[in-house]
Structures are given as C-alpha cells and as structure tokens.
>>> print(open('target-v3.txt').read())   # compact mmCIF, C-alpha atoms
# COMPACT_ATOMS: atom_id res chain seq x y z
CA MET A 1 16.36 -13.71 5.78
CA ALA A 2 17.99 -10.47 4.75
CA HIS A 3 16.26 -8.47 2.09
CA VAL A 4 18.30 -7.83 -1.01
CA PHE A 5 17.43 -4.68 -2.91
CA THR A 6 16.72 -5.54 -6.50
CA PRO A 7 15.63 -3.09 -9.20
CA ALA A 8 12.07 -4.33 -8.67
CA THR A 9 12.03 -3.19 -5.03
CA THR A 10 13.59 0.17 -5.84
CA HIS A 11 10.68 0.76 -8.19
CA ASP A 12 8.35 -0.02 -5.34
CA TRP A 13 8.79 3.38 -3.71
CA ARG A 14 9.06 5.33 -6.94
CA ILE A 15 5.57 4.51 -8.13
CA PRO A 16 3.76 5.42 -4.89
CA LEU A 17 5.91 8.53 -4.56
CA GLY A 18 5.07 9.51 -8.14
CA ALA A 19 1.37 8.85 -7.55
CA LEU A 20 1.51 10.89 -4.33
CA LEU A 21 3.22 13.86 -5.99
CA LEU A 22 0.96 13.78 -9.04
CA GLY A 23 -2.09 13.59 -6.76
CA LEU A 24 -0.87 16.56 -4.73
CA LEU A 25 -0.23 18.51 -7.94
CA ALA A 26 -3.77 17.82 -9.17
CA PHE A 27 -5.11 18.89 -5.77
CA TYR A 28 -3.01 22.05 -5.89
CA LEU A 29 -4.31 22.96 -9.35
CA LEU A 30 -7.90 22.30 -8.40
CA ALA A 31 -8.01 23.72 -4.91
CA LEU A 32 -5.17 26.08 -4.14
CA ASP A 33 -3.39 27.83 -6.99
CA GLN A 34 -3.76 31.62 -7.00
CA GLY A 35 -1.40 32.30 -9.88
CA LEU A 36 1.85 30.95 -8.48
CA LEU A 37 2.27 28.10 -10.96
CA LEU A 38 1.78 30.18 -14.11
CA SER A 39 3.89 33.00 -12.67
CA LEU A 40 6.85 30.74 -13.40
CA VAL A 41 6.26 31.30 -17.11
CA GLN A 42 4.06 34.42 -17.17
CA GLY A 43 5.76 36.46 -14.48
CA ASN A 44 3.81 38.70 -12.10
CA VAL A 45 0.88 39.13 -14.47
CA ALA A 46 -0.12 35.56 -13.56
CA PHE A 47 -1.24 36.71 -10.11
CA ASP A 48 -3.64 39.24 -11.65
CA GLN A 49 -4.94 36.95 -14.36
CA ASN A 50 -5.15 33.98 -12.00
CA LEU A 51 -5.98 31.69 -14.92
CA VAL A 52 -5.88 28.36 -13.08
CA HIS A 53 -8.21 29.74 -10.43
CA GLU A 54 -10.61 31.16 -13.03
CA ILE A 55 -10.84 27.93 -15.01
CA THR A 56 -11.40 25.73 -11.96
CA HIS A 57 -13.63 28.44 -10.42
CA ASP A 58 -17.00 26.67 -10.53
CA ALA A 59 -15.58 23.36 -9.31
CA ARG A 60 -13.77 25.12 -6.47
CA HIS A 61 -17.00 26.63 -5.26
CA ALA A 62 -19.05 23.47 -5.75
CA ALA A 63 -16.49 21.24 -4.03
CA GLY A 64 -16.28 23.61 -1.07
CA PHE A 65 -12.71 24.83 -1.49
CA PRO A 66 -11.89 28.35 -0.31
CA CYS A 67 -12.47 30.78 -3.19
CA HIS A 68 -13.11 34.44 -3.59
CA MET B 1 -5.04 -13.56 -0.50
CA GLU B 2 -2.44 -12.13 -2.80
CA SER B 3 -1.94 -8.40 -2.53
CA ARG B 4 -2.68 -6.44 -5.66
CA SER B 5 0.06 -4.63 -7.48
CA LEU B 6 0.15 -0.88 -7.05
CA GLY B 7 -0.21 -0.36 -10.79
CA SER B 8 -3.48 -2.25 -10.82
CA ILE B 9 -4.73 -0.29 -7.79
CA ILE B 10 -3.78 3.08 -9.28
CA LEU B 11 -5.38 2.24 -12.60
CA SER B 12 -8.73 1.25 -11.13
CA ALA B 13 -8.72 4.05 -8.53
CA VAL B 14 -8.03 6.71 -11.14
CA ILE B 15 -10.61 5.34 -13.57
CA VAL B 16 -13.25 5.21 -10.85
CA GLY B 17 -12.23 8.67 -9.63
CA LEU B 18 -12.55 10.18 -13.10
CA ILE B 19 -15.95 8.55 -13.67
CA ALA B 20 -17.23 9.69 -10.26
CA GLY B 21 -15.83 13.16 -11.00
CA LEU B 22 -17.70 13.31 -14.31
CA LEU B 23 -20.88 12.14 -12.59
CA VAL B 24 -20.66 14.90 -9.99
CA ALA B 25 -19.75 17.51 -12.61
CA ALA B 26 -22.90 16.56 -14.54
CA PHE B 27 -24.89 16.75 -11.30
CA HIS B 28 -23.58 20.26 -10.60
CA PHE B 29 -23.87 21.30 -14.24
CA VAL B 30 -27.61 20.65 -14.14
CA LEU B 31 -28.49 21.61 -10.56
CA THR B 32 -25.83 23.95 -9.18
CA GLU B 33 -24.87 26.03 -12.24
CA PRO B 34 -28.17 28.00 -12.19
CA ILE B 35 -27.39 29.00 -8.59
CA ILE B 36 -23.82 29.95 -9.53
CA GLU B 37 -25.19 32.10 -12.39
CA ARG B 38 -27.64 33.77 -10.04
CA SER B 39 -24.90 34.50 -7.47
CA ILE B 40 -22.65 35.98 -10.13
CA GLU B 41 -25.50 38.24 -11.27
CA ILE B 42 -26.09 39.43 -7.72
CA GLU B 43 -22.35 39.82 -7.13
CA SER B 44 -21.83 41.91 -10.25
CA SER B 45 -24.82 44.12 -9.49
CA LEU B 46 -23.45 44.71 -5.99
CA ARG B 47 -20.02 45.44 -7.37
CA GLN B 48 -21.31 47.88 -10.00
CA VAL B 49 -22.95 49.89 -7.26
CA GLN B 50 -19.84 49.82 -5.13
CA GLU B 51 -17.06 50.31 -7.61
CA ALA B 52 -18.64 51.00 -10.97
CA THR B 53 -15.77 49.22 -12.68
CA ALA B 54 -16.34 46.99 -15.62
CA GLU B 55 -14.14 43.96 -15.15
CA THR B 56 -12.91 42.32 -18.30
CA LEU B 57 -12.93 38.58 -17.79
CA LEU B 58 -10.15 36.58 -19.35
CA VAL B 59 -12.04 33.39 -18.70
CA ASP B 60 -15.66 33.84 -19.65
CA ARG B 61 -18.62 32.05 -18.12
CA ASP B 62 -18.77 29.42 -20.88
CA ALA B 63 -15.17 28.49 -20.17
CA GLN B 64 -15.86 28.39 -16.45
CA ARG B 65 -18.82 26.09 -16.98
CA ALA B 66 -16.59 23.78 -19.01
CA GLY B 67 -14.03 24.20 -16.24
CA LEU B 68 -16.52 22.61 -13.88
CA PHE B 69 -15.88 19.31 -15.66
CA LEU B 70 -12.13 19.87 -15.76
CA GLY B 71 -12.20 20.70 -12.05
CA PHE B 72 -14.08 17.58 -11.04
CA LEU B 73 -11.86 15.45 -13.27
CA LEU B 74 -8.96 16.89 -11.26
CA TYR B 75 -10.89 16.06 -8.09
CA GLY B 76 -11.28 12.46 -9.23
CA LEU B 77 -7.64 12.27 -10.33
CA THR B 78 -6.45 13.71 -7.00
CA TRP B 79 -8.33 11.26 -4.82
CA GLY B 80 -7.80 8.38 -7.23
CA LEU B 81 -4.04 8.82 -6.92
CA LEU B 82 -3.85 9.65 -3.21
CA PHE B 83 -6.31 6.95 -2.20
CA SER B 84 -4.49 4.30 -4.23
CA VAL B 85 -1.29 5.01 -2.28
CA LEU B 86 -3.20 4.68 0.99
CA TYR B 87 -4.83 1.45 -0.16
CA HIS B 88 -1.48 0.07 -1.29
CA ILE B 89 0.05 0.75 2.12
CA VAL B 90 -2.76 -0.73 4.21
CA GLN B 91 -3.92 -3.66 2.09
CA ASN B 92 -1.55 -6.08 3.83
CA PRO B 93 -2.17 -4.96 7.41
CA LEU B 94 -5.90 -5.22 6.63
CA ARG B 95 -5.78 -8.55 4.82
CA ASP B 96 -8.09 -10.17 7.38
CA MET B 97 -10.95 -7.97 6.15
CA SER B 98 -12.86 -9.01 3.05
CA THR B 99 -11.84 -7.18 -0.11
CA PHE B 100 -15.20 -5.48 -0.40
CA SER B 101 -15.37 -4.23 3.16
CA ARG B 102 -11.72 -3.17 3.19
CA SER B 103 -11.96 -1.13 -0.01
CA SER B 104 -15.38 0.39 0.60
CA THR B 105 -14.74 1.19 4.28
CA LEU B 106 -11.43 2.87 3.48
CA ALA B 107 -12.96 4.91 0.67
CA LEU B 108 -15.93 6.05 2.76
CA LEU B 109 -13.72 6.95 5.72
CA THR B 110 -11.45 8.89 3.37
CA GLY B 111 -14.41 10.77 1.92
CA TRP B 112 -15.71 11.61 5.37
CA SER B 113 -12.29 12.79 6.54
CA VAL B 114 -11.18 14.84 3.54
CA ALA B 115 -14.50 16.22 2.32
CA LEU B 116 -17.65 15.82 4.42
CA PHE B 117 -16.33 16.59 7.90
CA PRO B 118 -14.30 19.61 6.67
CA PHE B 119 -17.49 20.78 4.93
CA LEU B 120 -19.35 20.83 8.25
CA LYS B 121 -16.74 23.23 9.64
CA TYR B 122 -16.15 25.24 6.49
CA PRO B 123 -19.27 24.89 4.33
CA ALA B 124 -19.09 25.77 0.63
CA ASN B 125 -20.06 29.27 -0.46
CA PRO B 126 -21.43 30.44 -3.80
CA PRO B 127 -19.55 33.02 -5.89
CA GLY B 128 -19.88 36.45 -4.33
CA VAL B 129 -18.89 35.18 -0.91
CA GLY B 130 -15.18 35.19 -0.16
CA ASP B 131 -12.81 38.05 0.46
CA PRO B 132 -9.66 37.85 -1.72
CA GLU B 133 -7.74 39.36 1.21
CA THR B 134 -8.44 36.35 3.42
CA ILE B 135 -7.93 33.59 0.84
CA GLN B 136 -4.55 32.53 2.21
CA TYR B 137 -5.86 32.47 5.79
CA ARG B 138 -8.88 30.39 4.75
CA GLN B 139 -6.80 27.99 2.66
CA THR B 140 -4.35 27.46 5.51
CA PHE B 141 -7.04 26.56 8.02
CA TYR B 142 -8.95 24.48 5.50
CA LEU B 143 -5.87 22.39 4.70
CA ALA B 144 -4.88 22.07 8.35
CA PHE B 145 -8.41 20.96 9.17
CA ILE B 146 -8.29 18.26 6.49
CA ALA B 147 -4.88 17.07 7.72
CA LEU B 148 -6.02 16.81 11.34
CA SER B 149 -9.34 15.30 10.30
CA VAL B 150 -7.43 12.53 8.48
CA ALA B 151 -5.14 12.10 11.49
CA ILE B 152 -7.97 11.55 13.99
CA THR B 153 -9.70 9.09 11.65
CA CYS B 154 -6.43 7.14 11.37
CA LEU B 155 -6.11 7.14 15.15
CA ALA B 156 -9.64 5.80 15.70
CA PHE B 157 -9.12 3.25 12.94
CA VAL B 158 -5.89 1.99 14.50
CA ILE B 159 -7.63 1.69 17.88
CA GLN B 160 -10.47 -0.24 16.25
CA ARG B 161 -7.99 -2.62 14.63
CA TYR B 162 -6.12 -3.03 17.89
CA LEU B 163 -9.34 -3.91 19.74
CA SER B 164 -10.32 -6.47 17.11
CA ARG B 165 -7.17 -8.49 17.73
CA PRO B 166 -7.52 -11.80 19.64
CA HIS B 167 -6.09 -10.45 22.91
CA ALA B 168 -9.09 -8.11 23.23
CA ALA B 169 -11.58 -10.95 22.73
CA GLY B 170 -12.75 -10.66 26.34
CA ARG B 171 -14.31 -7.26 25.75
CA SER B 172 -17.89 -7.03 24.61
CA PRO B 173 -18.42 -5.65 21.08
CA TRP B 174 -20.42 -2.79 22.63
CA SER B 175 -17.56 -1.63 24.80
CA LYS B 176 -15.16 -1.88 21.86
CA TRP B 177 -17.33 0.29 19.65
CA ALA B 178 -17.91 2.73 22.49
CA ILE B 179 -14.14 3.11 22.85
CA VAL B 180 -13.66 3.58 19.11
CA LEU B 181 -16.50 6.09 18.82
CA GLY B 182 -15.24 8.00 21.83
CA ALA B 183 -11.71 7.96 20.47
CA TYR B 184 -13.06 9.57 17.33
CA ALA B 185 -15.78 11.84 18.67
CA VAL B 186 -13.77 13.57 21.39
CA PRO B 187 -10.92 14.78 19.14
CA ALA B 188 -13.40 15.50 16.34
CA VAL B 189 -15.46 17.81 18.57
CA LEU B 190 -12.31 19.45 19.92
CA LEU B 191 -11.05 19.99 16.38
CA TYR B 192 -14.39 21.44 15.33
CA ILE B 193 -14.46 23.86 18.27
CA ALA B 194 -10.78 24.81 18.22
CA PHE B 195 -10.62 25.96 14.61
CA PRO B 196 -11.59 29.56 13.86
CA PRO B 197 -14.69 30.05 11.72
CA ASN B 198 -14.61 31.41 8.18
CA PRO B 199 -14.03 35.15 8.73
CA ASP B 200 -15.78 36.36 5.58
CA PRO B 201 -19.17 38.08 5.58
CA VAL B 202 -21.93 36.41 3.57
CA PRO B 203 -23.65 39.19 1.61
CA MET B 204 -25.76 36.81 -0.50
CA PRO B 205 -29.43 35.94 0.15
CA ALA B 206 -29.61 33.23 2.85
CA SER B 207 -31.90 30.94 0.83
CA LEU B 208 -29.50 30.97 -2.11
CA VAL B 209 -26.50 30.19 0.12
CA GLU B 210 -28.43 27.40 1.84
CA MET B 211 -29.44 25.81 -1.47
CA PHE B 212 -25.89 26.06 -2.75
CA ARG B 213 -24.56 24.35 0.36
CA ILE B 214 -27.09 21.52 0.19
CA LEU B 215 -26.18 20.85 -3.44
CA SER B 216 -22.47 21.13 -2.75
CA PHE B 217 -22.68 18.66 0.15
CA ALA B 218 -24.82 16.32 -1.95
CA GLY B 219 -22.21 16.49 -4.72
CA LEU B 220 -19.41 15.52 -2.35
CA ALA B 221 -21.47 12.71 -0.84
CA LEU B 222 -22.35 11.49 -4.32
CA PHE B 223 -18.70 11.50 -5.37
CA TRP B 224 -17.51 9.47 -2.41
CA LEU B 225 -20.39 7.05 -2.52
CA ALA B 226 -19.88 6.42 -6.24
CA TYR B 227 -16.13 6.19 -5.68
CA ALA B 228 -16.44 3.71 -2.80
CA VAL B 229 -18.87 1.47 -4.67
CA GLY B 230 -16.89 1.62 -7.93
CA PHE B 231 -13.53 1.02 -6.31
CA ALA B 232 -14.82 -1.85 -4.15
CA TRP B 233 -16.48 -3.45 -7.16
CA LEU B 234 -13.26 -3.31 -9.20
CA ALA B 235 -11.24 -4.52 -6.22
CA VAL B 236 -13.43 -7.61 -5.87
CA ARG B 237 -13.28 -8.20 -9.63
CA ALA B 238 -9.50 -7.81 -9.68
CA GLU B 239 -9.12 -10.86 -7.49
CA ARG B 240 -11.22 -13.11 -9.68
CA PRO B 241 -8.80 -13.78 -12.56
CA GLU B 242 -6.10 -14.46 -9.98
CA ARG B 243 -8.33 -17.01 -8.32
CA ALA B 244 -9.26 -18.51 -11.69
CA LYS B 245 -5.58 -18.83 -12.59
CA ASN B 246 -4.89 -20.59 -9.30
CA VAL B 247 -7.66 -23.05 -10.01
CA ILE B 248 -6.25 -23.80 -13.46
CA PHE B 249 -2.80 -24.21 -11.93
CA ALA B 250 -4.18 -26.60 -9.32
CA ILE B 251 -5.95 -28.65 -11.97
CA LYS B 252 -2.79 -28.91 -14.10
CA LYS B 253 -0.78 -30.01 -11.09
CA ALA B 254 -3.26 -32.74 -10.32
>>> encode(input="target-v3.txt", output="structure tokens")
Amino acid sequence: MAHVFTPATTHDWRIPLGALLLGLLAFYLLALDQGLLLSLVQGNVAFDQNLVHEITHDARHAAGFPCH
Amino acid sequence: MESRSLGSIILSAVIVGLIAGLLVAAFHFVLTEPIIERSIEIESSLRQVQEATAETLLVDRDAQRAGLFLGFLLYGLTWGLLFSVLYHIVQNPLRDMSTFSRSSTLALLTGWSVALFPFLKYPANPPGVGDPETIQYRQTFYLAFIALSVAITCLAFVIQRYLSRPHAAGRSPWSKWAIVLGAYAVPAVLLYIAFPPNPDPVPMPASLVEMFRILSFAGLALFWLAYAVGFAWLAVRAERPERAKNVIFAIKKA
C-alpha cells in the first residue's frame, strides 16, 4: 500500500529534527563555545570575554571537555 | 508492543537527563569543587610569577560554581534530547528486546561511547591545565573521537543484532559474542592508538590531577548509570497505562 503523506507524518521528521538541533545547541553551549555565539550580538569583544565558556567553566572541566 | 510516541520519549529522556545532571552537579559541587579551587589557586600563583598581571574576572568564582549546575543541566538536556532521537529511531528495529533491556542497554552503550571511552583517551584535566592556543585542535580531535567511538559501537551493535537472527542459530553463543567483541575491540584499539594524545603540558601536581580525573570519571559514570536506570524505569512504566487500556478495551468488547 502506498504511503500518503498527511500532516501527521510531516510532523514526524520535524520533532526529531528539532530535538536533534536543540540537543546539538545545548552541547555546543556546554562543551564548545569560545565566544562565537555571543559575538553575534557583542561583536569581537565576545571572544575576549568568552562568557559562555566562563559560566560553564567548572562543568566543562568536570565533564572532561577540552578547556583552557 | 506499540511503539511510544516521540513526544513521550523526549519528555521522559529530558526529565531523567536533567535529574541525573543535577545529581552529578551536586556530586561535583561537594567533592570536585575543592580540587577546582585548589587548582585555580596554584594556577594563579604560577601566573603571577610568570606574568604579574592581575586578571579581572567577569565571571567570578561564585558564578562559576553556580555554573556547574547550569553546565550539568545542559549536559542532561543534551543527552536527553539526542538519546531520545536515537531511541525513537531504533525502538522498532529492536522491538524483540524487552523494554527494560532495550532502553538500559542503549543508554549504557551511549554513555560508554560518548563519555567514558573518550575519557580514557582524553582524560579530564583540572583548571590550570590546557593551553588556549591548542583549544581548537583539542576540540576537533575530541569531537572526532566521540563520532568514531559512536560509529564503532553502532557497527558492533548491528553485527550483534545480525548474529541474533534465526539464520545464525547454528552458531554457538560463545562464537557469536567472540565475533561481536572482536568487531568492537579491534577498531576501538585502532582508534585509541591512531588518535594523537593531548598536546598540552600538565604543570599541576600529579596527585591533584589524578584525584580530579577519578572524580570526573566517577561523575560521568554516575550520570550514565542514573540516566540508564531512570530512562529504563520510565520506559517500562510508559507501557503500563497502554496495556491497562487494552485490557479495559478487551473487557468492554467481551
């Protein structure tokens, strides 16, 4: 039987995709950001202040993510 | 068995992830924070000798200690979301497994692949270790290691599933597990050897670094154990009302 795409099945890929992207964003904030995200609003000063990195600092170290 | 909706999976995975994250943050707050404080003291005394520059901190230590909780909530949110997508994808192919063993096995394998095995290659370091110049290099290899670590676990898992199908019934369980273990161990050892080590010097006292690493590893193990148990427990529970409804439906029909 052929599958007919209904609104319900189109939602099927949106939710996992949304969960995937949100999960990757949370991972990025926790583990990777070195100022890039806030540089979008703060400009270059964000790389010096590195606020996201500083706030997640202790968790980055404790969870074993690369940190300086 | 009816497959669970993704919404229900995400909800329980995120809740369990956040609770496990809080648990580990509390663990580190009590046990690891004193070591972090000590490392920062040593680091700043070393730096004063070297540079004699007073660094003004935008985020003070109190905020960073609070950030420990924020960070581990993000950790729980991350793996809650990513794991729920994985579980959603594989719950039908793995429907012959019991709910408990499917959910707990997947969670433990995920924890091993994304956290514990990468830790063995790139163990955690306390503050004071880590050259800002090499951060991008270290992040790149750390991420690539996680990605390949997940890939080889998937491969071994697929082989295990393939061997448990009826056509492989002639093989002894021992030979099957030997194949699966070999299919994991060989690429795992190759991966471990092939990746370059962390290039940074470790100027901190060895006993302090060792203690930090033990606590860090324990924290990761605690997170994934709590996560696996919590998620499996909710997964088993989630099927109960469904079953109860079916029973009521059957009674009404009769």
>>> closest_atom_pairs(input="target-v3.txt", of="chain B", to="chain A", cutoff="7 Å", atoms="all atoms listed in the file", output="tab-separated table")
residue	atom	partner	partner_atom	distance
B:Val59	CA	A:Glu54	CA	6.3
B:Ala63	CA	A:Ile55	CA	6.8
B:Gln64	CA	A:Ile55	CA	5.2
B:Arg65	CA	A:Asp58	CA	6.7
B:Gly67	CA	A:Ile55	CA	5.1
B:Leu68	CA	A:Ala59	CA	4.7
B:Gly71	CA	A:Thr56	CA	5.1
B:Phe72	CA	A:Ala59	CA	6.2
B:Leu74	CA	A:Ala26	CA	5.7
B:Tyr75	CA	A:Phe27	CA	6.8
B:Leu77	CA	A:Gly23	CA	6.7
B:Thr78	CA	A:Gly23	CA	4.4
B:Trp79	CA	A:Gly23	CA	6.9
B:Leu81	CA	A:Gly23	CA	5.2
B:Leu82	CA	A:Gly23	CA	5.6
B:Val85	CA	A:Pro16	CA	5.7
B:Phe119	CA	A:Gly64	CA	6.7
B:Pro123	CA	A:Gly64	CA	6.3
B:Ala124	CA	A:Gly64	CA	3.9
B:Asn125	CA	A:His61	CA	6.3
B:Pro126	CA	A:His61	CA	6.0
B:Pro127	CA	A:His61	CA	6.9
B:Val129	CA	A:His68	CA	6.4
B:Gly130	CA	A:His68	CA	4.1
B:Asp131	CA	A:His68	CA	5.4
B:Pro132	CA	A:His68	CA	5.2
B:Ile135	CA	A:Pro66	CA	6.7
B:Arg138	CA	A:Pro66	CA	6.2
B:Gln139	CA	A:Pro66	CA	5.9
B:Ser216	CA	A:Ala62	CA	5.1
B:Leu220	CA	A:Ala63	CA	6.6
>>> residues_near_point(input="target-v3.txt", point="(-25.6, 38.8, -2.0)", cutoff="8 Å", atoms="only C-alpha atoms", output="PDB file with C-alpha atoms, in the frame of the given file")
ATOM      1  CA  SER B  39     -24.900  34.500  -7.470  1.00  0.00           C
ATOM      2  CA  ILE B  42     -26.090  39.430  -7.720  1.00  0.00           C
ATOM      3  CA  GLU B  43     -22.350  39.820  -7.130  1.00  0.00           C
ATOM      4  CA  LEU B  46     -23.450  44.710  -5.990  1.00  0.00           C
ATOM      5  CA  GLY B 128     -19.880  36.450  -4.330  1.00  0.00           C
ATOM      6  CA  VAL B 129     -18.890  35.180  -0.910  1.00  0.00           C
ATOM      7  CA  VAL B 202     -21.930  36.410   3.570  1.00  0.00           C
ATOM      8  CA  PRO B 203     -23.650  39.190   1.610  1.00  0.00           C
ATOM      9  CA  MET B 204     -25.760  36.810  -0.500  1.00  0.00           C
ATOM     10  CA  PRO B 205     -29.430  35.940   0.150  1.00  0.00           C
TER      11      PRO B 205
END
>>> atom_distance(input="target-v3.txt", atom1="CA of Leu22 in chain B", atom2="CA of Gln136 in chain B")
28.6 Å
>>> residues_around(input="target-v3.txt", residues="Ala226 in chain B", least_positions_apart="2", cutoff="10 Å", atoms="only C-alpha atoms", output="list in words")
Val16, Gly17, Ile19, Ala20, Gly21, Leu23, Val24, Ala107, Leu108, Leu220, Ala221, Leu222, Phe223, Trp224, Ala228, Val229, Gly230, Phe231 and Ala232 of chain B
>>> atom_distance(input="target-v3.txt", atom1="CA of Arg237 in chain B", atom2="CA of Trp13 in chain A")
25.6 Å
>>> atom_distance(input="target-v3.txt", atom1="CA of Phe100 in chain B", atom2="CA of Pro166 in chain B")
22.4 Å
>>> residues_around(input="target-v3.txt", residues="Phe145 in chain B", least_positions_apart="5", cutoff="10 Å", atoms="all atoms listed in the file", output="tab-separated table (two decimals) with C-alpha atoms, keeping the file's coordinate frame")
chain	number	residue	atom	x	y	z
B	113	SER	CA	-12.29	12.79	6.54
B	114	VAL	CA	-11.18	14.84	3.54
B	117	PHE	CA	-16.33	16.59	7.90
B	118	PRO	CA	-14.30	19.61	6.67
B	121	LYS	CA	-16.74	23.23	9.64
B	122	TYR	CA	-16.15	25.24	6.49
B	139	GLN	CA	-6.80	27.99	2.66
B	140	THR	CA	-4.35	27.46	5.51
B	150	VAL	CA	-7.43	12.53	8.48
B	151	ALA	CA	-5.14	12.10	11.49
B	191	LEU	CA	-11.05	19.99	16.38
B	192	TYR	CA	-14.39	21.44	15.33
B	195	PHE	CA	-10.62	25.96	14.61
>>> residues_around(input="target-v3.txt", residues="Leu94 in chain B", least_positions_apart="2", cutoff="12 Å", atoms="only C-alpha atoms", output="PyMOL selection string")
chain B and resi 1+3+86-92+96-103+105-106+157-158+160-162+164-165
>>> residues_around(input="target-v3.txt", residues="Leu31 in chain B", least_positions_apart="3", cutoff="12 Å", atoms="only C-alpha atoms", output="list of chain:residue names")
A:Ala62, B:Val24, B:Ala25, B:Ala26, B:Phe27, B:His28, B:Pro34, B:Ile35, B:Ile36, B:Glu37, B:Met211, B:Phe212, B:Arg213, B:Ile214, B:Leu215, B:Ser216, B:Ala218, B:Gly219
>>> axis_aligned_box(input="target-v3.txt", around="range 61-66 of chain A", padding_each_side="8 Å", output="AutoDock Vina command-line options")
--center_x -15.5 --center_y 24.8 --center_z -3.0 --size_x 23.2 --size_y 23.1 --size_z 21.4
